[in-house]
>>> print(open('target28.cif').read())   # mmCIF, C-alpha atoms
data_protein
loop_
_atom_site.group_PDB
_atom_site.id
_atom_site.type_symbol
_atom_site.label_atom_id
_atom_site.label_comp_id
_atom_site.auth_asym_id
_atom_site.auth_seq_id
_atom_site.Cartn_x
_atom_site.Cartn_y
_atom_site.Cartn_z
ATOM 1 C CA MET A 1 -87.292 38.531 18.847
ATOM 2 C CA LYS A 2 -83.568 39.293 18.919
ATOM 3 C CA TYR A 3 -84.371 42.936 18.145
ATOM 4 C CA LYS A 4 -86.582 43.079 21.222
ATOM 5 C CA ILE A 5 -83.701 41.816 23.346
ATOM 6 C CA ILE A 6 -81.216 44.263 21.811
ATOM 7 C CA GLY A 7 -83.779 47.067 22.096
ATOM 8 C CA GLY A 8 -84.319 46.129 25.738
ATOM 9 C CA ILE A 9 -80.582 46.258 26.455
ATOM 10 C CA ILE A 10 -80.355 49.665 24.776
ATOM 11 C CA ALA A 11 -83.333 50.957 26.769
ATOM 12 C CA ALA A 12 -81.784 49.668 30.015
ATOM 13 C CA VAL A 13 -78.437 51.349 29.279
ATOM 14 C CA PHE A 14 -80.244 54.586 28.422
ATOM 15 C CA LEU A 15 -82.244 54.455 31.683
ATOM 16 C CA ILE A 16 -79.106 53.830 33.756
ATOM 17 C CA GLY A 17 -77.541 56.836 32.031
ATOM 18 C CA VAL A 18 -80.549 59.047 32.759
ATOM 19 C CA ILE A 19 -80.669 58.016 36.432
ATOM 20 C CA GLY A 20 -76.917 58.581 36.780
ATOM 21 C CA THR A 21 -77.238 61.997 35.155
ATOM 22 C CA ILE A 22 -79.999 63.037 37.572
ATOM 23 C CA LEU A 23 -77.923 61.870 40.558
ATOM 24 C CA VAL A 24 -74.897 63.828 39.337
ATOM 25 C CA ILE A 25 -76.796 67.040 38.623
ATOM 26 C CA THR A 26 -78.585 67.080 41.976
ATOM 27 C CA ALA A 27 -75.476 66.502 44.130
ATOM 28 C CA GLN A 28 -75.088 69.416 46.570
ATOM 29 C CA PRO A 29 -72.050 71.698 46.423
ATOM 30 C CA LYS A 30 -69.520 71.629 49.264
ATOM 31 C CA ASN A 31 -67.344 74.303 50.775
ATOM 32 C CA THR A 32 -63.870 73.150 49.898
ATOM 33 C CA VAL A 33 -62.568 73.179 46.367
ATOM 34 C CA ARG A 34 -59.356 71.819 44.984
ATOM 35 C CA ILE A 35 -57.576 72.507 41.742
ATOM 36 C CA VAL A 36 -55.817 69.499 40.275
ATOM 37 C CA SER A 37 -53.436 69.464 37.329
ATOM 38 C CA ASP A 38 -52.603 66.033 35.849
ATOM 39 C CA GLY A 39 -53.397 64.315 39.139
ATOM 40 C CA GLU A 40 -51.343 66.752 41.245
ATOM 41 C CA VAL A 41 -53.257 68.953 43.703
ATOM 42 C CA LEU A 42 -52.144 72.547 43.116
ATOM 43 C CA TYR A 43 -54.531 74.406 45.421
ATOM 44 C CA THR A 44 -57.074 73.537 48.088
ATOM 45 C CA ILE A 45 -59.374 76.464 48.729
ATOM 46 C CA ASP A 46 -62.077 76.967 51.338
ATOM 47 C CA LEU A 47 -64.718 78.890 49.425
ATOM 48 C CA GLY A 48 -66.481 79.860 52.654
ATOM 49 C CA THR A 49 -63.588 82.103 53.634
ATOM 50 C CA ALA A 50 -61.826 82.717 50.338
ATOM 51 C CA LYS A 51 -61.516 86.294 49.123
ATOM 52 C CA ASP A 52 -62.261 87.202 45.528
ATOM 53 C CA ASP A 53 -59.174 86.285 43.577
ATOM 54 C CA THR A 54 -57.831 85.363 40.147
ATOM 55 C CA LEU A 55 -55.360 82.522 39.672
ATOM 56 C CA VAL A 56 -53.475 81.854 36.482
ATOM 57 C CA ILE A 57 -52.542 78.196 36.141
ATOM 58 C CA GLU A 58 -49.838 77.595 33.577
ATOM 59 C CA LYS A 59 -48.743 74.316 32.093
ATOM 60 C CA ASP A 60 -46.549 73.609 29.070
ATOM 61 C CA GLY A 61 -46.964 77.162 27.803
ATOM 62 C CA HIS A 62 -50.773 77.060 28.065
ATOM 63 C CA HIS A 63 -52.879 78.701 30.724
ATOM 64 C CA ASN A 64 -56.253 78.652 32.444
ATOM 65 C CA THR A 65 -57.413 81.673 34.395
ATOM 66 C CA VAL A 66 -59.424 80.658 37.461
ATOM 67 C CA GLU A 67 -61.698 83.231 39.071
ATOM 68 C CA ILE A 68 -62.985 83.092 42.634
ATOM 69 C CA LYS A 69 -65.876 85.441 43.298
ATOM 70 C CA ASP A 70 -68.708 85.573 45.833
ATOM 71 C CA ARG A 71 -67.721 82.146 47.203
ATOM 72 C CA MET A 72 -67.932 80.575 43.778
ATOM 73 C CA ILE A 73 -65.234 79.373 41.408
ATOM 74 C CA ARG A 74 -64.975 79.103 37.639
ATOM 75 C CA VAL A 75 -62.530 79.146 34.766
ATOM 76 C CA SER A 76 -62.932 82.634 33.359
ATOM 77 C CA GLU A 77 -60.487 82.342 30.475
ATOM 78 C CA ALA A 78 -58.316 79.706 28.830
ATOM 79 C CA ASP A 79 -56.315 79.235 25.650
ATOM 80 C CA CYS A 80 -57.490 75.671 25.054
ATOM 81 C CA PRO A 81 -59.130 74.903 21.709
ATOM 82 C CA ASP A 82 -62.505 73.657 22.944
ATOM 83 C CA GLN A 83 -63.241 76.208 25.718
ATOM 84 C CA THR A 84 -65.377 73.612 27.488
ATOM 85 C CA CYS A 85 -63.956 74.574 30.898
ATOM 86 C CA VAL A 86 -65.000 78.199 30.357
ATOM 87 C CA LYS A 87 -68.466 77.279 29.113
ATOM 88 C CA MET A 88 -69.083 75.113 32.184
ATOM 89 C CA GLY A 89 -69.383 78.304 34.199
ATOM 90 C CA TRP A 90 -69.424 78.342 37.986
ATOM 91 C CA LEU A 91 -68.763 75.091 39.819
ATOM 92 C CA SER A 92 -72.130 73.998 41.201
ATOM 93 C CA SER A 93 -72.369 70.231 41.649
ATOM 94 C CA SER A 94 -70.161 68.272 44.017
ATOM 95 C CA SER A 95 -70.037 65.359 41.655
ATOM 96 C CA MET A 96 -69.444 67.292 38.448
ATOM 97 C CA PRO A 97 -66.025 68.938 38.336
ATOM 98 C CA ILE A 98 -64.948 71.598 35.865
ATOM 99 C CA VAL A 99 -62.536 69.909 33.503
ATOM 100 C CA CYS A 100 -60.145 71.205 30.883
ATOM 101 C CA LEU A 101 -59.188 68.050 28.996
ATOM 102 C CA PRO A 102 -56.526 69.616 26.746
ATOM 103 C CA HIS A 103 -54.615 71.015 29.748
ATOM 104 C CA GLY A 104 -55.369 68.201 32.187
ATOM 105 C CA LEU A 105 -56.960 70.599 34.677
ATOM 106 C CA VAL A 106 -59.725 69.658 37.125
ATOM 107 C CA ILE A 107 -61.554 71.913 39.581
ATOM 108 C CA GLU A 108 -63.750 69.995 42.008
ATOM 109 C CA PHE A 109 -65.412 70.021 45.397
ATOM 110 C CA THR A 110 -63.677 67.908 48.011
ATOM 111 C CA ASP A 111 -64.313 66.732 51.568
ATOM 112 C CA GLU A 112 -60.900 67.747 52.877
ATOM 113 C CA THR A 113 -60.661 70.945 54.851
ATOM 114 C CA GLY A 114 -58.661 73.499 52.956
ATOM 115 C CA ASP A 115 -57.253 75.387 55.956
ATOM 116 C CA VAL A 116 -53.632 74.331 55.703
ATOM 117 C CA ASP A 117 -53.233 74.993 52.010
ATOM 118 C CA ALA A 118 -55.304 78.128 52.102
ATOM 119 C CA LEU A 119 -52.886 79.510 54.719
ATOM 120 C CA THR A 120 -49.739 78.506 52.937
ATOM 121 C CA ARG A 121 -50.954 79.794 49.610
ATOM 122 C CA MET B 1 -58.394 47.497 -4.558
ATOM 123 C CA LYS B 2 -60.405 48.550 -7.570
ATOM 124 C CA VAL B 3 -60.332 52.163 -8.663
ATOM 125 C CA LYS B 4 -64.081 52.482 -8.262
ATOM 126 C CA LYS B 5 -63.967 51.259 -4.694
ATOM 127 C CA LEU B 6 -61.019 53.511 -3.901
ATOM 128 C CA THR B 7 -62.956 56.463 -5.264
ATOM 129 C CA GLU B 8 -66.028 55.590 -3.227
ATOM 130 C CA MET B 9 -63.993 55.313 -0.057
ATOM 131 C CA ALA B 10 -62.229 58.610 -0.763
ATOM 132 C CA LEU B 11 -65.611 60.276 -1.348
ATOM 133 C CA LEU B 12 -66.980 58.903 1.923
ATOM 134 C CA THR B 13 -63.883 60.045 3.814
ATOM 135 C CA ALA B 14 -64.161 63.528 2.303
ATOM 136 C CA ALA B 15 -67.858 63.725 3.200
ATOM 137 C CA ALA B 16 -67.104 62.620 6.767
ATOM 138 C CA LEU B 17 -64.365 65.260 7.074
ATOM 139 C CA ILE B 18 -66.645 68.025 5.824
ATOM 140 C CA ILE B 19 -69.329 66.997 8.313
ATOM 141 C CA PHE B 20 -66.701 66.817 11.078
ATOM 142 C CA VAL B 21 -65.322 70.307 10.420
ATOM 143 C CA ILE B 22 -68.765 71.926 10.062
ATOM 144 C CA GLU B 23 -69.991 70.222 13.216
ATOM 145 C CA LEU B 24 -67.205 71.850 15.222
ATOM 146 C CA GLN B 25 -68.641 75.270 14.336
ATOM 147 C CA ILE B 26 -71.999 74.497 15.965
ATOM 148 C CA PRO B 27 -72.194 75.833 19.520
ATOM 149 C CA TYR B 28 -73.601 73.343 22.028
ATOM 150 C CA PRO B 29 -75.694 74.037 25.090
ATOM 151 C CA PHE B 30 -74.011 71.172 26.970
ATOM 152 C CA PRO B 31 -70.726 72.298 28.442
ATOM 153 C CA ILE B 32 -69.446 68.796 29.045
ATOM 154 C CA PRO B 33 -66.224 67.485 27.517
ATOM 155 C CA GLY B 34 -66.749 64.870 24.847
ATOM 156 C CA ILE B 35 -70.432 65.515 24.208
ATOM 157 C CA LYS B 36 -71.237 66.239 20.603
ATOM 158 C CA PRO B 37 -73.553 64.706 18.017
ATOM 159 C CA GLY B 38 -70.758 63.086 16.016
ATOM 160 C CA PHE B 39 -72.557 63.500 12.706
ATOM 161 C CA ALA B 40 -69.396 62.369 10.886
ATOM 162 C CA ASN B 41 -70.127 58.910 12.230
ATOM 163 C CA ILE B 42 -73.116 58.690 9.888
ATOM 164 C CA ILE B 43 -70.471 57.843 7.313
ATOM 165 C CA THR B 44 -68.732 55.388 9.651
ATOM 166 C CA VAL B 45 -71.977 53.550 10.353
ATOM 167 C CA TYR B 46 -72.831 53.482 6.654
ATOM 168 C CA ALA B 47 -69.363 52.163 5.841
ATOM 169 C CA VAL B 48 -69.618 49.395 8.454
ATOM 170 C CA TYR B 49 -72.603 47.972 6.583
ATOM 171 C CA HIS B 50 -71.233 48.330 3.066
ATOM 172 C CA TYR B 51 -67.496 47.773 3.233
ATOM 173 C CA ARG B 52 -65.124 45.204 4.650
ATOM 174 C CA ALA B 53 -63.643 45.597 8.106
ATOM 175 C CA HIS B 54 -60.238 46.863 7.009
ATOM 176 C CA GLU B 55 -61.836 49.305 4.577
ATOM 177 C CA VAL B 56 -64.017 50.775 7.309
ATOM 178 C CA ALA B 57 -60.981 51.050 9.572
ATOM 179 C CA LEU B 58 -59.120 52.908 6.803
ATOM 180 C CA ILE B 59 -61.963 55.387 6.232
ATOM 181 C CA ALA B 60 -62.245 56.068 9.964
ATOM 182 C CA ALA B 61 -58.487 56.343 10.522
ATOM 183 C CA VAL B 62 -57.960 58.815 7.672
ATOM 184 C CA ARG B 63 -60.914 60.890 8.830
ATOM 185 C CA ILE B 64 -59.649 61.073 12.417
ATOM 186 C CA LEU B 65 -56.086 61.886 11.378
ATOM 187 C CA LEU B 66 -57.046 64.564 8.837
ATOM 188 C CA GLY B 67 -59.704 65.883 11.223
ATOM 189 C CA ALA B 68 -56.983 66.510 13.793
ATOM 190 C CA VAL B 69 -54.802 68.174 11.139
ATOM 191 C CA PHE B 70 -57.639 70.473 10.034
ATOM 192 C CA THR B 71 -58.654 71.468 13.547
ATOM 193 C CA GLY B 72 -55.180 71.492 15.107
ATOM 194 C CA ASN B 73 -56.472 69.660 18.155
ATOM 195 C CA PHE B 74 -54.218 66.677 18.683
ATOM 196 C CA MET B 75 -55.516 65.854 22.152
ATOM 197 C CA ALA B 76 -58.884 65.230 20.519
ATOM 198 C CA LEU B 77 -57.109 62.843 18.164
ATOM 199 C CA ILE B 78 -56.237 60.499 21.043
ATOM 200 C CA TYR B 79 -59.785 60.567 22.408
ATOM 201 C CA SER B 80 -61.497 60.007 19.092
ATOM 202 C CA ALA B 81 -59.030 57.279 18.105
ATOM 203 C CA ALA B 82 -59.697 55.413 21.368
ATOM 204 C CA GLY B 83 -63.454 55.867 20.966
ATOM 205 C CA THR B 84 -63.560 54.864 17.323
ATOM 206 C CA LEU B 85 -61.437 51.778 17.949
ATOM 207 C CA LEU B 86 -63.808 50.418 20.579
ATOM 208 C CA CYS B 87 -66.832 51.436 18.502
ATOM 209 C CA LEU B 88 -65.622 49.639 15.364
ATOM 210 C CA VAL B 89 -64.581 46.522 17.278
ATOM 211 C CA ALA B 90 -68.226 46.214 18.374
ATOM 212 C CA MET B 91 -70.043 47.415 15.246
ATOM 213 C CA ILE B 92 -68.218 45.302 12.666
ATOM 214 C CA PRO B 93 -69.250 41.940 14.216
ATOM 215 C CA LEU B 94 -72.692 43.350 15.090
ATOM 216 C CA LYS B 95 -73.597 43.847 11.434
ATOM 217 C CA LYS B 96 -73.915 40.066 11.148
ATOM 218 C CA LEU B 97 -76.454 40.037 13.999
ATOM 219 C CA ILE B 98 -78.406 43.197 13.169
ATOM 220 C CA ASP B 99 -79.735 43.715 9.657
ATOM 221 C CA GLU B 100 -79.827 46.912 7.606
ATOM 222 C CA LYS B 101 -83.324 47.822 8.760
ATOM 223 C CA HIS B 102 -82.061 48.148 12.328
ATOM 224 C CA ILE B 103 -78.834 50.052 11.721
ATOM 225 C CA TRP B 104 -79.820 52.505 14.440
ATOM 226 C CA MET B 105 -79.413 49.759 17.058
ATOM 227 C CA THR B 106 -75.874 49.011 15.924
ATOM 228 C CA SER B 107 -75.225 52.731 15.882
ATOM 229 C CA VAL B 108 -76.477 53.277 19.459
ATOM 230 C CA ILE B 109 -74.293 50.455 20.756
ATOM 231 C CA GLY B 110 -71.373 51.836 18.755
ATOM 232 C CA ALA B 111 -71.905 55.367 20.073
ATOM 233 C CA VAL B 112 -72.109 54.282 23.716
ATOM 234 C CA LEU B 113 -68.924 52.245 23.267
ATOM 235 C CA HIS B 114 -67.293 55.174 21.445
ATOM 236 C CA ASN B 115 -67.921 57.335 24.502
ATOM 237 C CA THR B 116 -66.739 54.519 26.757
ATOM 238 C CA GLY B 117 -63.470 54.422 24.808
ATOM 239 C CA GLN B 118 -63.069 58.187 25.217
ATOM 240 C CA MET B 119 -63.760 57.842 28.917
ATOM 241 C CA ILE B 120 -61.094 55.146 29.303
ATOM 242 C CA ALA B 121 -58.593 57.254 27.334
ATOM 243 C CA ALA B 122 -59.333 60.293 29.529
ATOM 244 C CA LEU B 123 -58.985 58.231 32.709
ATOM 245 C CA ILE B 124 -55.606 56.866 31.593
ATOM 246 C CA LEU B 125 -54.309 60.224 30.335
ATOM 247 C CA MET B 126 -55.460 62.400 33.211
ATOM 248 C CA GLN B 127 -55.227 59.912 36.097
ATOM 249 C CA THR B 128 -58.342 61.508 37.589
ATOM 250 C CA PRO B 129 -60.997 58.959 38.592
ATOM 251 C CA GLN B 130 -63.441 61.818 39.362
ATOM 252 C CA LEU B 131 -63.954 62.102 35.610
ATOM 253 C CA LEU B 132 -66.232 59.065 35.869
ATOM 254 C CA VAL B 133 -69.090 61.346 36.952
ATOM 255 C CA TYR B 134 -69.335 62.388 33.313
ATOM 256 C CA TYR B 135 -69.975 58.831 32.265
ATOM 257 C CA PRO B 136 -73.783 58.942 32.741
ATOM 258 C CA PHE B 137 -73.938 62.060 30.530
ATOM 259 C CA LEU B 138 -71.840 60.298 27.929
ATOM 260 C CA ILE B 139 -74.164 57.272 27.979
ATOM 261 C CA VAL B 140 -77.281 59.408 27.509
ATOM 262 C CA SER B 141 -75.726 61.538 24.778
ATOM 263 C CA GLY B 142 -74.330 58.401 23.124
ATOM 264 C CA CYS B 143 -77.794 56.823 22.975
ATOM 265 C CA ILE B 144 -79.406 59.934 21.508
ATOM 266 C CA ALA B 145 -76.598 60.788 19.096
ATOM 267 C CA GLY B 146 -76.197 57.136 18.115
ATOM 268 C CA ALA B 147 -79.880 56.723 17.303
ATOM 269 C CA PHE B 148 -79.833 59.889 15.203
ATOM 270 C CA THR B 149 -76.636 58.906 13.407
ATOM 271 C CA GLY B 150 -77.935 55.396 12.762
ATOM 272 C CA LEU B 151 -81.257 56.622 11.363
ATOM 273 C CA SER B 152 -79.407 59.059 9.099
ATOM 274 C CA ALA B 153 -77.221 56.194 7.882
ATOM 275 C CA GLN B 154 -80.369 54.177 7.128
ATOM 276 C CA PHE B 155 -81.736 57.043 5.047
ATOM 277 C CA ILE B 156 -78.558 57.660 3.071
ATOM 278 C CA THR B 157 -78.258 53.950 2.335
ATOM 279 C CA LYS B 158 -81.259 54.271 0.004
ATOM 280 C CA ARG B 159 -79.872 57.363 -1.705
ATOM 281 C CA LEU B 160 -76.365 56.000 -2.117
ATOM 282 C CA LYS B 161 -77.608 52.772 -3.651
ATOM 283 C CA ALA B 162 -78.749 54.843 -6.593
ATOM 284 C CA SER B 163 -75.446 56.716 -6.996
ATOM 285 C CA PHE B 164 -72.918 53.996 -6.172
ATOM 286 C CA GLY B 165 -74.687 51.338 -8.199
ATOM 287 C CA LYS B 166 -75.705 47.828 -7.247
ATOM 288 C CA GLY B 167 -73.064 45.276 -6.366
ATOM 289 C CA SER B 168 -70.087 47.511 -6.973
ATOM 290 C CA SER B 169 -69.692 48.445 -3.338
ATOM 291 C CA ARG B 170 -69.488 44.849 -2.240
ATOM 292 C CA ASP B 171 -66.630 43.409 -4.264
#
>>> encode(input="target28.cif", output="structure tokens")
Amino acid sequence: MKYKIIGGIIAAVFLIGVIGTILVITAQPKNTVRIVSDGEVLYTIDLGTAKDDTLVIEKDGHHNTVEIKDRMIRVSEADCPDQTCVKMGWLSSSSMPIVCLPHGLVIEFTDETGDVDALTR
Amino acid sequence: MKVKKLTEMALLTAAALIIFVIELQIPYPFPIPGIKPGFANIITVYAVYHYRAHEVALIAAVRILLGAVFTGNFMALIYSAAGTLLCLVAMIPLKKLIDEKHIWMTSVIGAVLHNTGQMIAALILMQTPQLLVYYPFLIVSGCIAGAFTGLSAQFITKRLKASFGKGSSRD
């Protein structure tokens, strides 16, 4: 009996995870992207108007190269050990940011308009 | 600590380390931070059921520390330490509730909590609440990886009984 209860709890947790995953994957992309390093917003970019560009973001002697191309953004190269940020490819879901855990870098869609920062950049 | 027990624990730690290092060489189709099968935890789950709490903690701690030394990734050390801590805190009492035939259940709960610990560590370290969107992925992968790890631990239990001998692993 107790195994049925435990099994039921496990199944419920698994289902919640699956539903959450589907919600995250299907979230639509937005226009404005921001690049955050350790909680500090470095860039806010409007992808709708942004020109193709390459940004090198350095921190503590390490770097991530961010590429903007055809209104999309990705990490094209990094010297982190796991390369997860590079493998994530182009940013596509508004609820799933590109993350480089070793360097504390996050690239995500945001609701703010990026005009001001895009101009000052 | 008897020499035989010390040797067993050292063997288990070495096996876990080998699994850990080999696992890192496998490329994964899921480009999400923190998602990997965690095959080395087969040993952790096995140890939970056959050794005392502090002995399990020792095996896990040495594996995590040496794993970080071998791979040179000390950020991963913080994440796996946080995950393993939470995982062991749950699994060690759970072995009283769940018997050896249902190790996979303990393992699934442990794996989900392991990923929860990593999530908490990442949230504290990076101060980025948006990371929470990865949590559903971590739950799903934890359930799958945990079930696999637990079943593997169930299978090796039979094999290791023959090599480690009856009774010796319990004193």
>>> residues_near_point(input="target28.cif", point="(-63.5, 85.0, 46.0)", cutoff="7 Å", atoms="all atoms listed in the file", output="PyMOL selection string")
chain A and resi 50-53+68-72
>>> atom_distance(input="target28.cif", atom1="CA of Phe155 (chain B)", atom2="CA of Ile98 (chain B)")
16.4 Å
>>> closest_atom_pairs(input="target28.cif", of="chain A", to="chain B", cutoff="8 Å", atoms="all atoms listed in the file", output="tab-separated table")
residue	atom	partner	partner_atom	distance
A:Tyr3	CA	B:Ile98	CA	7.8
A:Ile6	CA	B:Met105	CA	7.5
A:Gly7	CA	B:Met105	CA	7.2
A:Ile10	CA	B:Ile109	CA	7.3
A:Val13	CA	B:Ile139	CA	7.4
A:Phe14	CA	B:Val140	CA	5.7
A:Ile16	CA	B:Pro136	CA	7.4
A:Gly17	CA	B:Pro136	CA	4.4
A:Val18	CA	B:Val140	CA	6.2
A:Ile19	CA	B:Pro136	CA	7.9
A:Gly20	CA	B:Pro136	CA	5.1
A:Thr21	CA	B:Pro136	CA	5.2
A:Val24	CA	B:Val133	CA	6.8
A:Asp38	CA	B:Met126	CA	5.3
A:Gly39	CA	B:Gln127	CA	5.7
A:Pro81	CA	B:Asn73	CA	6.9
A:Thr84	CA	B:Pro31	CA	5.6
A:Cys85	CA	B:Pro31	CA	7.6
A:Lys87	CA	B:Pro31	CA	5.5
A:Met88	CA	B:Pro31	CA	5.0
A:Ser95	CA	B:Val133	CA	6.3
A:Met96	CA	B:Val133	CA	6.1
A:Pro97	CA	B:Gln130	CA	7.6
A:Val99	CA	B:Pro33	CA	7.4
A:Cys100	CA	B:Pro33	CA	7.9
A:Leu101	CA	B:Pro33	CA	7.2
A:Pro102	CA	B:Met75	CA	6.0
A:Gly104	CA	B:Met126	CA	5.9
>>> closest_residue(input="target28.cif", among="A:Val106, A:Val66, A:Ile25, A:Ala78", to="Ser94 (chain A)", atoms="only C-alpha atoms")
A:Ile25
>>> closest_residue(input="target28.cif", among="A:Glu67, A:Glu40, A:Ser92, A:His103", to="Cys80 (chain A)", atoms="all atoms listed in the file")
A:His103
>>> atom_distance(input="target28.cif", atom1="CA of Leu6 (chain B)", atom2="CA of Glu55 (chain B)")
9.5 Å
>>> resolve_selection(input="target28.cif", expression="the PyMOL selection byres ((chain A and resi 55) around 6)", output="MDAnalysis selection string")
chainID A and resid 54 56 65:66
>>> residues_around(input="target28.cif", residues="Ala121 (chain B)", least_positions_apart="6", cutoff="10 Å", atoms="all atoms listed in the file", output="ChimeraX atom specification")
/B:78-83,115,127
>>> residues_near_point(input="target28.cif", point="(-66.6, 59.2, 0.4)", cutoff="12 Å", atoms="only C-alpha atoms", output="PyMOL selection string")
chain B and resi 4-19+40+42-44+46-47+51+55-56+58-60+62-63+160+163-164+169
>>> resolve_selection(input="target28.cif", expression="the PyMOL selection byres ((chain A and resi 110) around 6)", output="NGL selection string")
:A and (32-33 or 109 or 111-112)
>>> closest_residue(input="target28.cif", among="B:Lys2, B:Lys95, B:His114, B:Lys36", to="His50 (chain B)", atoms="only C-alpha atoms")
B:Lys95
>>> atom_distance(input="target28.cif", atom1="CA of Ile57 (chain A)", atom2="CA of Lys30 (chain A)")
22.4 Å
>>> closest_residue(input="target28.cif", among="B:Thr149, B:Ala57, B:Glu100, B:Ile120", to="Leu85 (chain B)", atoms="all atoms listed in the file")
B:Ala57
>>> resolve_selection(input="target28.cif", expression="the PyMOL selection byres ((chain B and resi 154) around 8)", output="PyMOL selection string")
chain B and resi 46+100-101+103-104+150-153+155-158
